[in-house]
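Undergrad: Structure in structure tokens, see below.
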Amino acid sequence: MAVRIIGTGSCLAEKEVTNDELAKYVDTSDEWISSRTGIKKRRIAIEETTTSMASEAARRALEMAGRDASEVDLIIVATVTPDYYTPSVACQVQAEIGADNAIAFDVNAACSGFVFALNTAKMYIETGYTKNALVIGAETLSKIMDWNDRGTCVLFGDGAGAAYLEESDMGIINIVQGSIGKKGMVLNCRARKTNNVFVQGEIEPDFLHMDGQEVYKFAVRQCPKCLLEALEKADMTPEDIDYFVLHQANVRIIQSVAKRLKAPIEKFPMTLDYTGNMSAASVPVMLDELVRERGIKRGDKVAVSAFGAGLTYAAAIIEW
Ligand code: ACO
């Protein structure tokens with residue numbers, strides 16, 4: 001028995017912002033951003049929320065799978081940018097799409113969040129606790145950006161991607177995941193400080209802070225390492241893989257991983273040039289594009305890898 005993705009969907013924020021447009025508000029340039037990251041534009045939420053984009057991506061995944069929301073047993077949303085501390089985005093998606101019979105909760109593992117949630121859903125289905133699951137990665141990162149910090153605000157975008165899973169004869173072969181909490185502060189966004197009648201804290205939450213070079217070093221080391229570990233567990237090598245779906249943070253990171261795996265860069269599809277880094281949404285949006293526009297077919301081998309704040313990392317090997 002395997003757990004298979006039978007429907008995918010995505011939804012990006014409507015407003016497109018090019019590097020040149022961003023340079024009107026931030027001291028930066030298209031040349032700097034494109035040459036260092038590969039990002040040319042991104043979507044920025046105006047009316048959209050994390051929940052609204054997650055719900056739309058979920059509806060599209062269910063439509064592709066040919067399933068009704070009332071049939072969904074489990075909804076897991078991976079996000080670091082929920083609309084509320086509580087209720088979770090997953091509970092709000094449940095209400096929005098009418099998945100009244102589902103268990104719903106969020107997972108916070110930043111850019112690795114979708115793959116972490118995928119593994120959780122896989123285990124729910126494998127143990128027979130649920131028959132299916134809707135796994136969503138959704139972010140409105142623009143709301144936690146410091147728009148005066150050109151080192152971070154140019155990198156990110158807003159959107160959501162979803163995958164609907166059921167038991168099948170082929171599908172996810174294995175997933176490896178890990179966390180390095182002691183390095184967590186290299187990429188952080190503080191929540192509210194303690195504030196009560198005994199302690200006067202700050203009410204306003206913080207913005208995202210990143211030590212870009214530390215994150216870069218972590219990504220280029222950990223991403224190929226966990227991909228190779230997942231491949232070895234699957235008794236496969238990089239040559240067996242048709243598509244490497246990596247977290248869409250930076251073209252240089254992806255090029256470095258391709259080099260380390262001795263795999264042709266053509267096997268690494270990318271959305272980052274037009275989406276920027278959408279954290280937990282990056283992987284499912286890329287998967288949806290593979291299905292809808294790049295002709296992935298049943299039986300193709302896909303290696304997924306994501307890495308991000310926490311620090312967290314994960315890799316999955318999938319027979320599509
Ligand atoms: N426009 C123009 N200049 C800039 C900008 C900008 N947007 N941002 C920084 N600079 C300047 C800096 O001020 C600095 O100038 P100085 O030398 O005069 O002080 C110079 O460019 C170099 O800055 P660095 O931060 O050292 O630039 P670096 O070459 O390291 O590139 C980058 C920065 C692209 C962020 C790189 O470190 C990187 O890709 N890191 C990985 C980040 C990442 O992918 N994070 C997300 C992964 S995890 C997740 O998804 C949550």
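Residue numbering restarts at 1 for every chain of the structure tokens, chains are lettered A, B, ... in their displayed order, and ligands are numbered from 1 as they appear.
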Within 8 Å of ligand 1, counting only C-alpha atoms and all ligand atoms, which protein or nucleic acid residues do you find, written as an MDAnalysis selection string?
TA: chainID A and resid 26:29 32:33 36:37 110:111 149:155 187 210:217 219 247:250 252:253 277:279 307:309
Undergrad: For the helix (DSSP H, G or I) assignment from backbone DSSP, which residues of stretch 144-209 of chain A qualify? Please present them as a ChimeraX atom specification.
TA: /A:144,150-153,181-186
Undergrad: Identify which of the residues A:Cys91, A:Val220, A:Ala160, A:Val3 lies closest to A:Glu319, counting only C-alpha atoms when measuring atom-to-atom distances.
TA: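 Result for the nearest residue to A:Glu319: A:Val3.
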Undergrad: Do you know which residues are at most 7 Å from stretch 77-84 of chain A counting only C-alpha atoms, after dropping those on the same chain fewer than 2 positions away, and could you put them as a PyMOL selection string?
TA: chain A and resi 49-50+75+86-90+105-108+110+113-114+117+135-141+280
Undergrad: Tell me which protein, DNA and RNA residues are within 12 Å of stretch 259-262 of chain A, counting only C-alpha atoms, leaving out same-chain ones fewer than 5 positions away, and put them as a PDB file with N, CA, C and O atoms, in the first residue's frame.
TA:
ATOM      1  N   VAL A 220      22.845  24.645   1.064  1.00  0.00           N
ATOM      2  CA  VAL A 220      23.645  23.907   0.070  1.00  0.00           C
ATOM      3  C   VAL A 220      24.305  22.665   0.671  1.00  0.00           C
ATOM      4  O   VAL A 220      24.707  21.757  -0.060  1.00  0.00           O
ATOM      5  N   ARG A 221      24.400  22.613   2.000  1.00  0.00           N
ATOM      6  CA  ARG A 221      24.948  21.411   2.639  1.00  0.00           C
ATOM      7  C   ARG A 221      23.831  20.386   2.876  1.00  0.00           C
ATOM      8  O   ARG A 221      23.926  19.227   2.524  1.00  0.00           O
ATOM      9  N   GLN A 222      22.732  20.867   3.511  1.00  0.00           N
ATOM     10  CA  GLN A 222      21.706  19.946   4.001  1.00  0.00           C
ATOM     11  C   GLN A 222      20.802  19.406   2.898  1.00  0.00           C
ATOM     12  O   GLN A 222      20.355  18.265   2.963  1.00  0.00           O
ATOM     13  N   CYS A 223      20.514  20.223   1.903  1.00  0.00           N
ATOM     14  CA  CYS A 223      19.573  19.805   0.866  1.00  0.00           C
ATOM     15  C   CYS A 223      20.086  18.578   0.096  1.00  0.00           C
ATOM     16  O   CYS A 223      19.395  17.560   0.019  1.00  0.00           O
ATOM     17  N   PRO A 224      21.327  18.605  -0.450  1.00  0.00           N
ATOM     18  CA  PRO A 224      21.795  17.397  -1.144  1.00  0.00           C
ATOM     19  C   PRO A 224      21.957  16.212  -0.198  1.00  0.00           C
ATOM     20  O   PRO A 224      21.695  15.071  -0.578  1.00  0.00           O
ATOM     21  N   LYS A 225      22.360  16.520   1.061  1.00  0.00           N
ATOM     22  CA  LYS A 225      22.564  15.430   2.029  1.00  0.00           C
ATOM     23  C   LYS A 225      21.252  14.668   2.260  1.00  0.00           C
ATOM     24  O   LYS A 225      21.217  13.436   2.221  1.00  0.00           O
ATOM     25  N   CYS A 226      20.163  15.400   2.507  1.00  0.00           N
ATOM     26  CA  CYS A 226      18.917  14.672   2.807  1.00  0.00           C
ATOM     27  C   CYS A 226      18.317  14.056   1.542  1.00  0.00           C
ATOM     28  O   CYS A 226      17.691  13.001   1.602  1.00  0.00           O
ATOM     29  N   LEU A 227      18.577  14.679   0.381  1.00  0.00           N
ATOM     30  CA  LEU A 227      18.115  14.046  -0.865  1.00  0.00           C
ATOM     31  C   LEU A 227      18.823  12.703  -1.078  1.00  0.00           C
ATOM     32  O   LEU A 227      18.190  11.699  -1.416  1.00  0.00           O
ATOM     33  N   LEU A 228      20.137  12.700  -0.860  1.00  0.00           N
ATOM     34  CA  LEU A 228      20.894  11.457  -1.053  1.00  0.00           C
ATOM     35  C   LEU A 228      20.464  10.394  -0.047  1.00  0.00           C
ATOM     36  O   LEU A 228      20.378   9.209  -0.376  1.00  0.00           O
ATOM     37  N   GLU A 229      20.153  10.838   1.184  1.00  0.00           N
ATOM     38  CA  GLU A 229      19.692   9.879   2.201  1.00  0.00           C
ATOM     39  C   GLU A 229      18.349   9.256   1.779  1.00  0.00           C
ATOM     40  O   GLU A 229      18.167   8.043   1.861  1.00  0.00           O
ATOM     41  N   LEU A 231      17.180   9.043  -1.264  1.00  0.00           N
ATOM     42  CA  LEU A 231      17.406   8.202  -2.447  1.00  0.00           C
ATOM     43  C   LEU A 231      17.981   6.846  -2.051  1.00  0.00           C
ATOM     44  O   LEU A 231      17.557   5.802  -2.551  1.00  0.00           O
ATOM     45  N   THR A 237      19.328   6.185  -7.256  1.00  0.00           N
ATOM     46  CA  THR A 237      20.399   7.178  -7.390  1.00  0.00           C
ATOM     47  C   THR A 237      19.810   8.402  -8.097  1.00  0.00           C
ATOM     48  O   THR A 237      18.706   8.311  -8.662  1.00  0.00           O
ATOM     49  N   PRO A 238      20.530   9.526  -8.112  1.00  0.00           N
ATOM     50  CA  PRO A 238      19.992  10.715  -8.797  1.00  0.00           C
ATOM     51  C   PRO A 238      19.615  10.453 -10.256  1.00  0.00           C
ATOM     52  O   PRO A 238      18.690  11.069 -10.780  1.00  0.00           O
ATOM     53  N   GLU A 239      20.310   9.494 -10.909  1.00  0.00           N
ATOM     54  CA  GLU A 239      19.980   9.205 -12.328  1.00  0.00           C
ATOM     55  C   GLU A 239      18.570   8.637 -12.492  1.00  0.00           C
ATOM     56  O   GLU A 239      17.984   8.726 -13.569  1.00  0.00           O
ATOM     57  N   ASP A 240      18.037   8.037 -11.433  1.00  0.00           N
ATOM     58  CA  ASP A 240      16.690   7.447 -11.528  1.00  0.00           C
ATOM     59  C   ASP A 240      15.584   8.508 -11.490  1.00  0.00           C
ATOM     60  O   ASP A 240      14.419   8.195 -11.727  1.00  0.00           O
ATOM     61  N   ILE A 241      15.958   9.747 -11.155  1.00  0.00           N
ATOM     62  CA  ILE A 241      14.941  10.781 -10.902  1.00  0.00           C
ATOM     63  C   ILE A 241      14.635  11.580 -12.174  1.00  0.00           C
ATOM     64  O   ILE A 241      15.540  12.016 -12.889  1.00  0.00           O
ATOM     65  N   PHE A 244      13.541  16.952  -9.977  1.00  0.00           N
ATOM     66  CA  PHE A 244      13.912  17.357  -8.620  1.00  0.00           C
ATOM     67  C   PHE A 244      13.109  18.613  -8.299  1.00  0.00           C
ATOM     68  O   PHE A 244      13.306  19.662  -8.929  1.00  0.00           O
ATOM     69  N   ARG A 252      20.757  29.998  -7.204  1.00  0.00           N
ATOM     70  CA  ARG A 252      22.135  29.564  -6.925  1.00  0.00           C
ATOM     71  C   ARG A 252      22.154  28.326  -6.026  1.00  0.00           C
ATOM     72  O   ARG A 252      23.016  27.460  -6.170  1.00  0.00           O
ATOM     73  N   ILE A 253      21.214  28.274  -5.080  1.00  0.00           N
ATOM     74  CA  ILE A 253      21.129  27.092  -4.206  1.00  0.00           C
ATOM     75  C   ILE A 253      20.767  25.881  -5.064  1.00  0.00           C
ATOM     76  O   ILE A 253      21.367  24.812  -4.947  1.00  0.00           O
ATOM     77  N   ILE A 254      19.801  26.052  -5.969  1.00  0.00           N
ATOM     78  CA  ILE A 254      19.355  24.925  -6.804  1.00  0.00           C
ATOM     79  C   ILE A 254      20.494  24.468  -7.727  1.00  0.00           C
ATOM     80  O   ILE A 254      20.742  23.272  -7.879  1.00  0.00           O
ATOM     81  N   LYS A 267      16.601  19.012 -15.010  1.00  0.00           N
ATOM     82  CA  LYS A 267      15.707  18.182 -14.185  1.00  0.00           C
ATOM     83  C   LYS A 267      15.192  18.940 -12.959  1.00  0.00           C
ATOM     84  O   LYS A 267      14.522  18.365 -12.117  1.00  0.00           O
ATOM     85  N   PHE A 268      15.570  20.217 -12.837  1.00  0.00           N
ATOM     86  CA  PHE A 268      15.175  21.017 -11.673  1.00  0.00           C
ATOM     87  C   PHE A 268      14.228  22.140 -12.130  1.00  0.00           C
ATOM     88  O   PHE A 268      14.671  23.264 -12.381  1.00  0.00           O
ATOM     89  N   ALA A 303      11.928  13.670  -6.885  1.00  0.00           N
ATOM     90  CA  ALA A 303      12.621  13.851  -5.604  1.00  0.00           C
ATOM     91  C   ALA A 303      12.337  15.279  -5.141  1.00  0.00           C
ATOM     92  O   ALA A 303      12.606  16.236  -5.859  1.00  0.00           O
TER      93      ALA A 303
END
Undergrad: With only C-alpha atoms as the basis for distance, which of A:Glu96, A:Asp30, A:Glu48, A:Asp146 is at the shortest distance from A:Asp158?
TA: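 Counting only C-alpha atoms, the residue closest to A:Asp158 is A:Glu48.
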Undergrad: Need to verify the contact set: stretch 53-66 of chain A, 7 Å, only C-alpha atoms, exclusion of same-chain residues closer than 4 positions in sequence. Can you return it as a short mmCIF file (atom, residue, chain, number, x, y, z; two decimals) with all heavy atoms, in the first residue's frame?
TA:
data_model
loop_
_atom_site.label_atom_id
_atom_site.label_comp_id
_atom_site.auth_asym_id
_atom_site.auth_seq_id
_atom_site.Cartn_x
_atom_site.Cartn_y
_atom_site.Cartn_z
N ILE A 6 -3.30 12.56 -5.68
CA ILE A 6 -4.15 12.39 -6.87
C ILE A 6 -4.75 13.71 -7.36
O ILE A 6 -5.44 13.72 -8.37
CB ILE A 6 -5.24 11.31 -6.67
CG1 ILE A 6 -6.20 11.70 -5.56
CG2 ILE A 6 -4.63 9.95 -6.40
CD1 ILE A 6 -7.46 10.85 -5.61
N GLY A 7 -4.49 14.78 -6.63
CA GLY A 7 -4.95 16.09 -7.11
C GLY A 7 -4.05 17.18 -6.57
O GLY A 7 -3.59 17.10 -5.42
N THR A 8 -3.75 18.17 -7.41
CA THR A 8 -2.96 19.32 -6.93
C THR A 8 -3.66 20.62 -7.32
O THR A 8 -4.45 20.65 -8.28
CB THR A 8 -1.54 19.34 -7.58
OG1 THR A 8 -1.70 19.42 -8.99
CG2 THR A 8 -0.74 18.11 -7.20
N GLY A 9 -3.36 21.66 -6.60
CA GLY A 9 -3.94 22.97 -6.93
C GLY A 9 -3.06 24.07 -6.39
O GLY A 9 -2.28 23.84 -5.46
N SER A 10 -3.17 25.25 -6.96
CA SER A 10 -2.39 26.37 -6.41
C SER A 10 -3.14 27.67 -6.61
O SER A 10 -4.09 27.75 -7.41
CB SER A 10 -1.01 26.44 -7.06
OG SER A 10 -1.12 26.53 -8.45
N CYS A 11 -2.74 28.67 -5.88
CA CYS A 11 -3.35 30.00 -5.98
C CYS A 11 -2.32 31.03 -5.54
O CYS A 11 -1.83 30.97 -4.41
CB CYS A 11 -4.58 30.06 -5.06
SG CYS A 11 -5.31 31.70 -4.97
N LEU A 12 -1.96 31.91 -6.46
CA LEU A 12 -1.02 32.98 -6.11
C LEU A 12 -1.78 34.27 -5.87
O LEU A 12 -2.85 34.48 -6.45
CB LEU A 12 -0.02 33.20 -7.26
CG LEU A 12 0.78 31.99 -7.74
CD1 LEU A 12 1.75 32.40 -8.84
CD2 LEU A 12 1.53 31.33 -6.60
N GLU A 48 -5.96 39.29 -0.59
CA GLU A 48 -5.91 37.89 -0.20
C GLU A 48 -5.41 37.72 1.23
O GLU A 48 -4.65 38.54 1.74
CB GLU A 48 -4.97 37.10 -1.13
CG GLU A 48 -5.38 37.08 -2.58
CD GLU A 48 -4.80 38.24 -3.39
OE1 GLU A 48 -4.29 39.21 -2.79
OE2 GLU A 48 -4.86 38.16 -4.63
N THR A 49 -5.79 36.59 1.82
CA THR A 49 -5.25 36.18 3.12
C THR A 49 -4.63 34.79 2.93
O THR A 49 -4.85 34.14 1.90
CB THR A 49 -6.36 36.07 4.18
OG1 THR A 49 -7.27 35.04 3.77
CG2 THR A 49 -7.09 37.39 4.36
N VAL A 93 -9.83 26.93 6.63
CA VAL A 93 -10.02 26.32 5.30
C VAL A 93 -11.17 25.32 5.37
O VAL A 93 -12.03 25.28 4.48
CB VAL A 93 -8.72 25.63 4.83
CG1 VAL A 93 -8.98 24.78 3.59
CG2 VAL A 93 -7.64 26.66 4.54
N GLU A 96 -14.26 27.27 5.13
CA GLU A 96 -14.40 27.92 3.80
C GLU A 96 -14.85 26.96 2.73
O GLU A 96 -15.68 27.29 1.89
CB GLU A 96 -13.06 28.50 3.36
CG GLU A 96 -12.69 29.83 3.95
CD GLU A 96 -13.14 30.98 3.08
OE1 GLU A 96 -13.04 30.88 1.86
OE2 GLU A 96 -13.59 31.99 3.66
N ILE A 97 -14.26 25.75 2.74
CA ILE A 97 -14.56 24.83 1.62
C ILE A 97 -15.68 23.86 1.99
O ILE A 97 -16.13 23.09 1.15
CB ILE A 97 -13.31 24.06 1.13
CG1 ILE A 97 -12.77 23.08 2.21
CG2 ILE A 97 -12.21 25.03 0.70
CD1 ILE A 97 -11.63 22.19 1.70
N ILE A 136 -1.70 21.30 2.56
CA ILE A 136 -1.62 22.64 1.94
C ILE A 136 -0.41 23.39 2.50
O ILE A 136 -0.13 23.31 3.69
CB ILE A 136 -2.90 23.45 2.27
CG1 ILE A 136 -4.15 22.69 1.81
CG2 ILE A 136 -2.85 24.84 1.62
CD1 ILE A 136 -5.46 23.25 2.36
N ALA A 138 0.74 27.33 2.61
CA ALA A 138 0.16 28.65 2.29
C ALA A 138 0.86 29.74 3.08
O ALA A 138 1.09 29.58 4.28
CB ALA A 138 -1.34 28.64 2.61
N GLY A 159 1.45 33.11 -1.69
CA GLY A 159 0.68 32.14 -2.46
C GLY A 159 0.41 30.88 -1.67
O GLY A 159 0.78 30.78 -0.50
N ALA A 160 -0.24 29.93 -2.34
CA ALA A 160 -0.58 28.66 -1.68
C ALA A 160 -0.62 27.54 -2.70
O ALA A 160 -0.94 27.75 -3.88
CB ALA A 160 -1.96 28.78 -1.01
N GLY A 161 -0.30 26.33 -2.23
CA GLY A 161 -0.41 25.14 -3.07
C GLY A 161 -0.98 24.02 -2.23
O GLY A 161 -0.81 23.99 -1.01
N ALA A 162 -1.68 23.08 -2.90
CA ALA A 162 -2.33 22.01 -2.15
C ALA A 162 -2.18 20.67 -2.88
O ALA A 162 -2.03 20.63 -4.11
CB ALA A 162 -3.83 22.32 -2.00
N ALA A 163 -2.22 19.60 -2.10
CA ALA A 163 -2.19 18.25 -2.67
C ALA A 163 -3.22 17.40 -1.93
O ALA A 163 -3.31 17.47 -0.70
CB ALA A 163 -0.80 17.64 -2.52
N TYR A 164 -3.99 16.63 -2.69
CA TYR A 164 -4.98 15.73 -2.08
C TYR A 164 -4.44 14.30 -2.20
O TYR A 164 -4.03 13.88 -3.29
CB TYR A 164 -6.32 15.87 -2.80
CG TYR A 164 -7.35 14.88 -2.31
CD1 TYR A 164 -8.01 15.09 -1.09
CD2 TYR A 164 -7.63 13.72 -3.02
CE1 TYR A 164 -8.93 14.17 -0.62
CE2 TYR A 164 -8.55 12.80 -2.56
CZ TYR A 164 -9.20 13.03 -1.35
OH TYR A 164 -10.09 12.11 -0.87
#
Undergrad: Write out as a PyMOL selection string the residues lying within 7 Å of A:Tyr313, counting only C-alpha atoms and excluding same-chain residues fewer than 2 positions away.
TA: chain A and resi 112+177-179+306-308
Undergrad: Please, could you write that set of residues out with C-alpha atoms as a PDB file, in the first residue's frame?
TA:
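For reference, again-v1.pdb as written:
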ATOM      1  CA  SER A 112      10.012  22.555   4.911  1.00  0.00           C
ATOM      2  CA  GLN A 177      13.057  14.989   7.760  1.00  0.00           C
ATOM      3  CA  GLY A 178      15.134  16.696  10.421  1.00  0.00           C
ATOM      4  CA  SER A 179      15.471  19.800  12.573  1.00  0.00           C
ATOM      5  CA  ALA A 306      12.878  21.646   1.219  1.00  0.00           C
ATOM      6  CA  PHE A 307      14.862  23.499   3.874  1.00  0.00           C
ATOM      7  CA  GLY A 308      14.170  26.529   5.973  1.00  0.00           C
TER       8      GLY A 308
END
Undergrad: What does the distance between atom CA of A:Glu289 and atom CA of A:Thr18 come to in Å, to one decimal place?
TA: 20.6 Å
Undergrad: As an exercise, work out the distance from atom CA of A:Leu165 to atom CA of A:Val304 in Å and give it to one decimal place.
TA: 16.0 Å
Undergrad: Between atom CA of A:Ile144 and atom CA of A:Gly157, measure the distance and give it in Å to one decimal.
TA: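 About the pair atom CA of A:Ile144 and atom CA of A:Gly157: they are 11.1 Å apart.
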